[in-house]
Amino acid sequence: MPDARVAEWVLAQVLPPDRAASTVGDWMEDAEARGPVWFWSCVFRIVLSRIWSDFAESPGFLVGLALRGCLYSLWLVVGTICILVAGAFLIAFVAIQLDWHPSWPANPSAQILGALITQVWIGWIEFKTGRWIAHRAPGREFASGIAACLAPVAFPMASSFMLAEIKSPDFTPILLPREIFLLAGILWSRHKLLRSIAQ
Amino acid sequence: MSDTSILGEFEHIVLLAILRLGDKAYGVTIRNEISERTGREPAPGALYVTLDRLEDKGLLTSTLGDPTPERGGRAKRYVKVSAQGMAALNHARTCYLRLWEGLQFPGVSHA
């Protein structure tokens, strides 16, 4: 017997919770005869159908939201860079006052630390962007998240491109792609929305 | 007749299946009815997305039944054709009848 709770959670990402529950209930009636492959194929086909249907109903809104999401993410990048530059100036000012000469260590562990800080920074920006997008498309969070993942392909000034351009010369590859954090932000917002509906 | 009441082919089939089932119309019975009557099994995604769309258009109404153990305690979502849905079906039937009127195919009997 397939795990119906997982299936219900997956469906609740694209459907209202009561519809997700009744739909999974329908498939459970047939699951013993038809098997788990049929059950899970039903789950993923309905998710794809819903995302496709959201795109077909309001393509302009979703593309516009995805582009606004890219601008929001860019704004976060510029904002954090400004804060970092201001911090660097402050450190330089203090160093001059104290006649102190700090230097960034060149050993491998420092490079790994740099990569991790970059990863956390990109993750935070994309997670925030995912939440920002999800709040503006209640009920269509997942479709808007997919649109936001695809938007940089059509909009090369988007955040990931900018982030790639501003990396240091001895850049260590980023561990995880930005889309994972963006979709995590979307799922987080959807989870909070479903919890508020349940209460 | 508004544009939203113009039925697609699958919407037409789903509405007719719901009418035939009366009070017993929910996902599983609708799929079985369509499968029995038309000989084609509707894709689950297509059926549920169509039910949602018909409800959004006001052609269907839905109510939740009681939870049952074989469904893991999940309620059935029963659907009914609304007055607007009946009007859309009637309009579609009239259009089809007008189109069929006077057509003859060799080898096909017209009872």
# chains A, B, ... in the order shown; residues from 1 in each chain; ligands from 1
$ residues_around --residues "Trp52 in chain A" --least-positions-apart "2" --cutoff "12 Å" --atoms "only C-alpha atoms" --output "JSON list (two decimals) with N, CA, C and O atoms, in the first residue's frame"
[["chain", "number", "residue", "atom", "x", "y", "z"],
["A", 14, "VAL", "N", -0.21, 21.71, -4.73],
["A", 14, "VAL", "CA", -0.82, 22.30, -5.94],
["A", 14, "VAL", "C", -2.34, 22.35, -5.87],
["A", 14, "VAL", "O", -2.98, 22.90, -6.77],
["A", 45, "ARG", "N", 1.23, 12.84, -12.27],
["A", 45, "ARG", "CA", 0.53, 13.36, -13.47],
["A", 45, "ARG", "C", -0.41, 14.49, -13.08],
["A", 45, "ARG", "O", -0.55, 15.48, -13.81],
["A", 46, "ILE", "N", -1.05, 14.39, -11.92],
["A", 46, "ILE", "CA", -1.96, 15.46, -11.54],
["A", 46, "ILE", "C", -1.16, 16.72, -11.14],
["A", 46, "ILE", "O", -1.58, 17.84, -11.41],
["A", 47, "VAL", "N", 0.01, 16.52, -10.53],
["A", 47, "VAL", "CA", 0.86, 17.69, -10.21],
["A", 47, "VAL", "C", 1.25, 18.41, -11.50],
["A", 47, "VAL", "O", 1.12, 19.63, -11.62],
["A", 48, "LEU", "N", 1.71, 17.62, -12.49],
["A", 48, "LEU", "CA", 2.10, 18.22, -13.77],
["A", 48, "LEU", "C", 0.91, 18.90, -14.45],
["A", 48, "LEU", "O", 1.03, 20.00, -14.99],
["A", 49, "SER", "N", -0.26, 18.22, -14.40],
["A", 49, "SER", "CA", -1.46, 18.80, -15.02],
["A", 49, "SER", "C", -1.82, 20.13, -14.37],
["A", 49, "SER", "O", -2.19, 21.08, -15.06],
["A", 50, "ARG", "N", -1.74, 20.19, -13.04],
["A", 50, "ARG", "CA", -2.09, 21.42, -12.33],
["A", 50, "ARG", "C", -1.13, 22.55, -12.68],
["A", 50, "ARG", "O", -1.54, 23.69, -12.92],
["A", 54, "ASP", "N", -2.13, 25.94, -14.54],
["A", 54, "ASP", "CA", -1.85, 27.29, -14.00],
["A", 54, "ASP", "C", -1.14, 28.16, -15.05],
["A", 54, "ASP", "O", -1.44, 29.34, -15.20],
["A", 55, "PHE", "N", -0.19, 27.55, -15.76],
["A", 55, "PHE", "CA", 0.52, 28.30, -16.81],
["A", 55, "PHE", "C", -0.43, 28.70, -17.93],
["A", 55, "PHE", "O", -0.38, 29.82, -18.43],
["A", 56, "ALA", "N", -1.30, 27.74, -18.31],
["A", 56, "ALA", "CA", -2.20, 28.00, -19.44],
["A", 56, "ALA", "C", -3.22, 29.08, -19.10],
["A", 56, "ALA", "O", -3.60, 29.87, -19.95],
["A", 57, "GLU", "N", -3.66, 29.12, -17.82],
["A", 57, "GLU", "CA", -4.70, 30.09, -17.43],
["A", 57, "GLU", "C", -4.16, 31.51, -17.32],
["A", 57, "GLU", "O", -4.85, 32.46, -17.65],
["A", 58, "SER", "N", -2.94, 31.67, -16.80],
["A", 58, "SER", "CA", -2.42, 33.04, -16.62],
["A", 58, "SER", "C", -0.92, 33.10, -16.88],
["A", 58, "SER", "O", -0.14, 33.30, -15.96],
["A", 59, "PRO", "N", -0.53, 32.91, -18.16],
["A", 59, "PRO", "CA", 0.91, 32.91, -18.45],
["A", 59, "PRO", "C", 1.55, 34.27, -18.20],
["A", 59, "PRO", "O", 2.67, 34.35, -17.70],
["A", 62, "LEU", "N", 2.28, 34.88, -14.45],
["A", 62, "LEU", "CA", 3.38, 34.06, -13.91],
["A", 62, "LEU", "C", 4.74, 34.51, -14.44],
["A", 62, "LEU", "O", 5.71, 34.58, -13.69],
["A", 140, "ARG", "N", -1.02, 29.20, -6.41],
["A", 140, "ARG", "CA", -0.25, 28.89, -7.63],
["A", 140, "ARG", "C", 1.24, 28.99, -7.34],
["A", 140, "ARG", "O", 2.03, 29.38, -8.19],
["A", 142, "PHE", "N", 3.60, 26.79, -6.74],
["A", 142, "PHE", "CA", 4.55, 25.90, -7.40],
["A", 142, "PHE", "C", 4.77, 26.31, -8.86],
["A", 142, "PHE", "O", 5.90, 26.32, -9.34],
["A", 143, "ALA", "N", 3.68, 26.68, -9.54],
["A", 143, "ALA", "CA", 3.81, 27.11, -10.95],
["A", 143, "ALA", "C", 4.65, 28.38, -11.02],
["A", 143, "ALA", "O", 5.50, 28.52, -11.91],
["A", 144, "SER", "N", 4.44, 29.31, -10.07],
["A", 144, "SER", "CA", 5.23, 30.54, -10.09],
["A", 144, "SER", "C", 6.69, 30.24, -9.77],
["A", 144, "SER", "O", 7.59, 30.91, -10.30],
["A", 146, "ILE", "N", 8.30, 27.44, -10.58],
["A", 146, "ILE", "CA", 8.88, 26.88, -11.81],
["A", 146, "ILE", "C", 9.19, 28.01, -12.80],
["A", 146, "ILE", "O", 10.25, 28.03, -13.43],
["A", 147, "ALA", "N", 8.24, 28.96, -12.90],
["A", 147, "ALA", "CA", 8.46, 30.10, -13.81],
["A", 147, "ALA", "C", 9.70, 30.88, -13.38],
["A", 147, "ALA", "O", 10.50, 31.30, -14.21],
["B", 45, "GLY", "N", -5.03, 12.90, -14.17],
["B", 45, "GLY", "CA", -4.77, 14.34, -14.14],
["B", 45, "GLY", "C", -5.84, 15.10, -14.90],
["B", 45, "GLY", "O", -6.40, 16.07, -14.40],
["B", 46, "ALA", "N", -6.17, 14.60, -16.10],
["B", 46, "ALA", "CA", -7.17, 15.28, -16.94],
["B", 46, "ALA", "C", -8.52, 15.31, -16.25],
["B", 46, "ALA", "O", -9.21, 16.34, -16.26],
["B", 49, "VAL", "N", -8.43, 17.75, -13.06],
["B", 49, "VAL", "CA", -8.27, 19.15, -13.49],
["B", 49, "VAL", "C", -9.56, 19.63, -14.15],
["B", 49, "VAL", "O", -10.01, 20.76, -13.94]]
$ interface_residues --of "chain A" --to "chain B" --cutoff "9 Å" --atoms "only C-alpha atoms" --output "VMD selection string"
chain A and resid 4 18 to 19 21 to 30 42 to 50 53
$ atom_distance --atom1 "CA of Gly8 in chain B" --atom2 "CA of Glu33 in chain B"
18.3 Å
$ atom_distance --atom1 "CA of Arg5 in chain A" --atom2 "CA of Lys80 in chain B"
27.7 Å
$ closest_residue --among "A:Leu150, A:Ala66, A:Leu187, A:Leu71" --to "Val10 in chain A" --atoms "only C-alpha atoms"
A:Leu187
$ residues_around --residues "range 86-99 of chain B" --least-positions-apart "2" --cutoff "8 Å" --atoms "only C-alpha atoms" --output "PyMOL selection string"
chain B and resi 1+5-7+12+15+59+81-84+101
$ write_last_selection --atoms "all heavy atoms" --output "short mmCIF file (atom, residue, chain, number, x, y, z; two decimals), in the first residue's frame"
data_model
loop_
_atom_site.label_atom_id
_atom_site.label_comp_id
_atom_site.auth_asym_id
_atom_site.auth_seq_id
_atom_site.Cartn_x
_atom_site.Cartn_y
_atom_site.Cartn_z
N MET B 1 -25.75 32.72 -24.10
CA MET B 1 -24.75 31.74 -23.58
C MET B 1 -23.37 32.39 -23.50
O MET B 1 -22.85 32.87 -24.48
CB MET B 1 -24.72 30.55 -24.55
CG MET B 1 -23.84 29.38 -24.14
SD MET B 1 -24.37 28.43 -22.71
CE MET B 1 -26.08 28.13 -23.01
N SER B 5 -19.38 29.01 -20.76
CA SER B 5 -20.28 27.85 -20.75
C SER B 5 -20.13 27.00 -21.99
O SER B 5 -20.84 26.00 -22.13
CB SER B 5 -21.72 28.34 -20.63
OG SER B 5 -21.87 29.04 -19.43
N ILE B 6 -19.27 27.39 -22.92
CA ILE B 6 -19.04 26.55 -24.10
C ILE B 6 -18.18 25.37 -23.66
O ILE B 6 -17.12 25.54 -23.07
CB ILE B 6 -18.35 27.36 -25.22
CG1 ILE B 6 -19.32 28.43 -25.72
CG2 ILE B 6 -17.92 26.45 -26.34
CD1 ILE B 6 -18.71 29.41 -26.67
N LEU B 7 -18.68 24.17 -23.94
CA LEU B 7 -18.03 22.98 -23.40
C LEU B 7 -17.01 22.39 -24.36
O LEU B 7 -17.28 22.30 -25.56
CB LEU B 7 -19.08 21.91 -23.11
CG LEU B 7 -20.13 22.25 -22.07
CD1 LEU B 7 -21.17 21.12 -22.00
CD2 LEU B 7 -19.49 22.44 -20.71
N HIS B 12 -17.77 17.90 -21.77
CA HIS B 12 -19.09 17.39 -22.15
C HIS B 12 -19.27 15.96 -21.64
O HIS B 12 -20.28 15.62 -21.00
CB HIS B 12 -19.17 17.45 -23.68
CG HIS B 12 -20.55 17.31 -24.23
ND1 HIS B 12 -20.92 17.81 -25.44
CD2 HIS B 12 -21.65 16.72 -23.75
CE1 HIS B 12 -22.18 17.54 -25.67
NE2 HIS B 12 -22.65 16.88 -24.65
N LEU B 15 -19.54 15.87 -17.77
CA LEU B 15 -20.85 16.34 -17.28
C LEU B 15 -21.94 15.27 -17.51
O LEU B 15 -22.78 15.03 -16.64
CB LEU B 15 -21.24 17.64 -17.98
CG LEU B 15 -20.54 18.91 -17.49
CD1 LEU B 15 -20.94 20.11 -18.33
CD2 LEU B 15 -20.86 19.19 -16.03
N LEU B 59 -20.27 25.28 -13.38
CA LEU B 59 -21.07 24.26 -14.03
C LEU B 59 -21.28 23.04 -13.13
O LEU B 59 -22.12 22.18 -13.41
CB LEU B 59 -20.42 23.81 -15.35
CG LEU B 59 -20.09 24.94 -16.34
CD1 LEU B 59 -19.48 24.37 -17.61
CD2 LEU B 59 -21.33 25.74 -16.69
N VAL B 81 -24.22 18.43 -11.23
CA VAL B 81 -24.28 19.42 -12.31
C VAL B 81 -25.21 20.55 -11.85
O VAL B 81 -26.32 20.30 -11.38
CB VAL B 81 -24.82 18.78 -13.61
CG1 VAL B 81 -24.90 19.81 -14.73
CG2 VAL B 81 -23.94 17.61 -14.02
N SER B 82 -24.73 21.79 -11.95
CA SER B 82 -25.53 22.94 -11.53
C SER B 82 -26.52 23.34 -12.63
O SER B 82 -26.48 22.78 -13.74
CB SER B 82 -24.60 24.12 -11.24
OG SER B 82 -24.01 24.54 -12.44
N ALA B 83 -27.38 24.30 -12.33
CA ALA B 83 -28.35 24.76 -13.33
C ALA B 83 -27.61 25.34 -14.55
O ALA B 83 -28.01 25.11 -15.70
CB ALA B 83 -29.24 25.82 -12.71
N GLN B 84 -26.51 26.03 -14.28
CA GLN B 84 -25.70 26.59 -15.38
C GLN B 84 -25.07 25.47 -16.21
O GLN B 84 -24.99 25.56 -17.44
CB GLN B 84 -24.60 27.48 -14.78
CG GLN B 84 -24.03 28.49 -15.74
CD GLN B 84 -22.92 29.30 -15.08
OE1 GLN B 84 -22.91 29.50 -13.88
NE2 GLN B 84 -21.99 29.78 -15.89
N GLU B 101 -28.08 17.08 -38.27
CA GLU B 101 -29.34 17.06 -39.02
C GLU B 101 -29.09 16.91 -40.53
O GLU B 101 -28.31 17.68 -41.11
CB GLU B 101 -30.08 18.38 -38.76
CG GLU B 101 -31.58 18.27 -38.83
CD GLU B 101 -32.22 19.58 -38.35
OE1 GLU B 101 -31.93 20.63 -38.95
OE2 GLU B 101 -32.96 19.54 -37.36
#
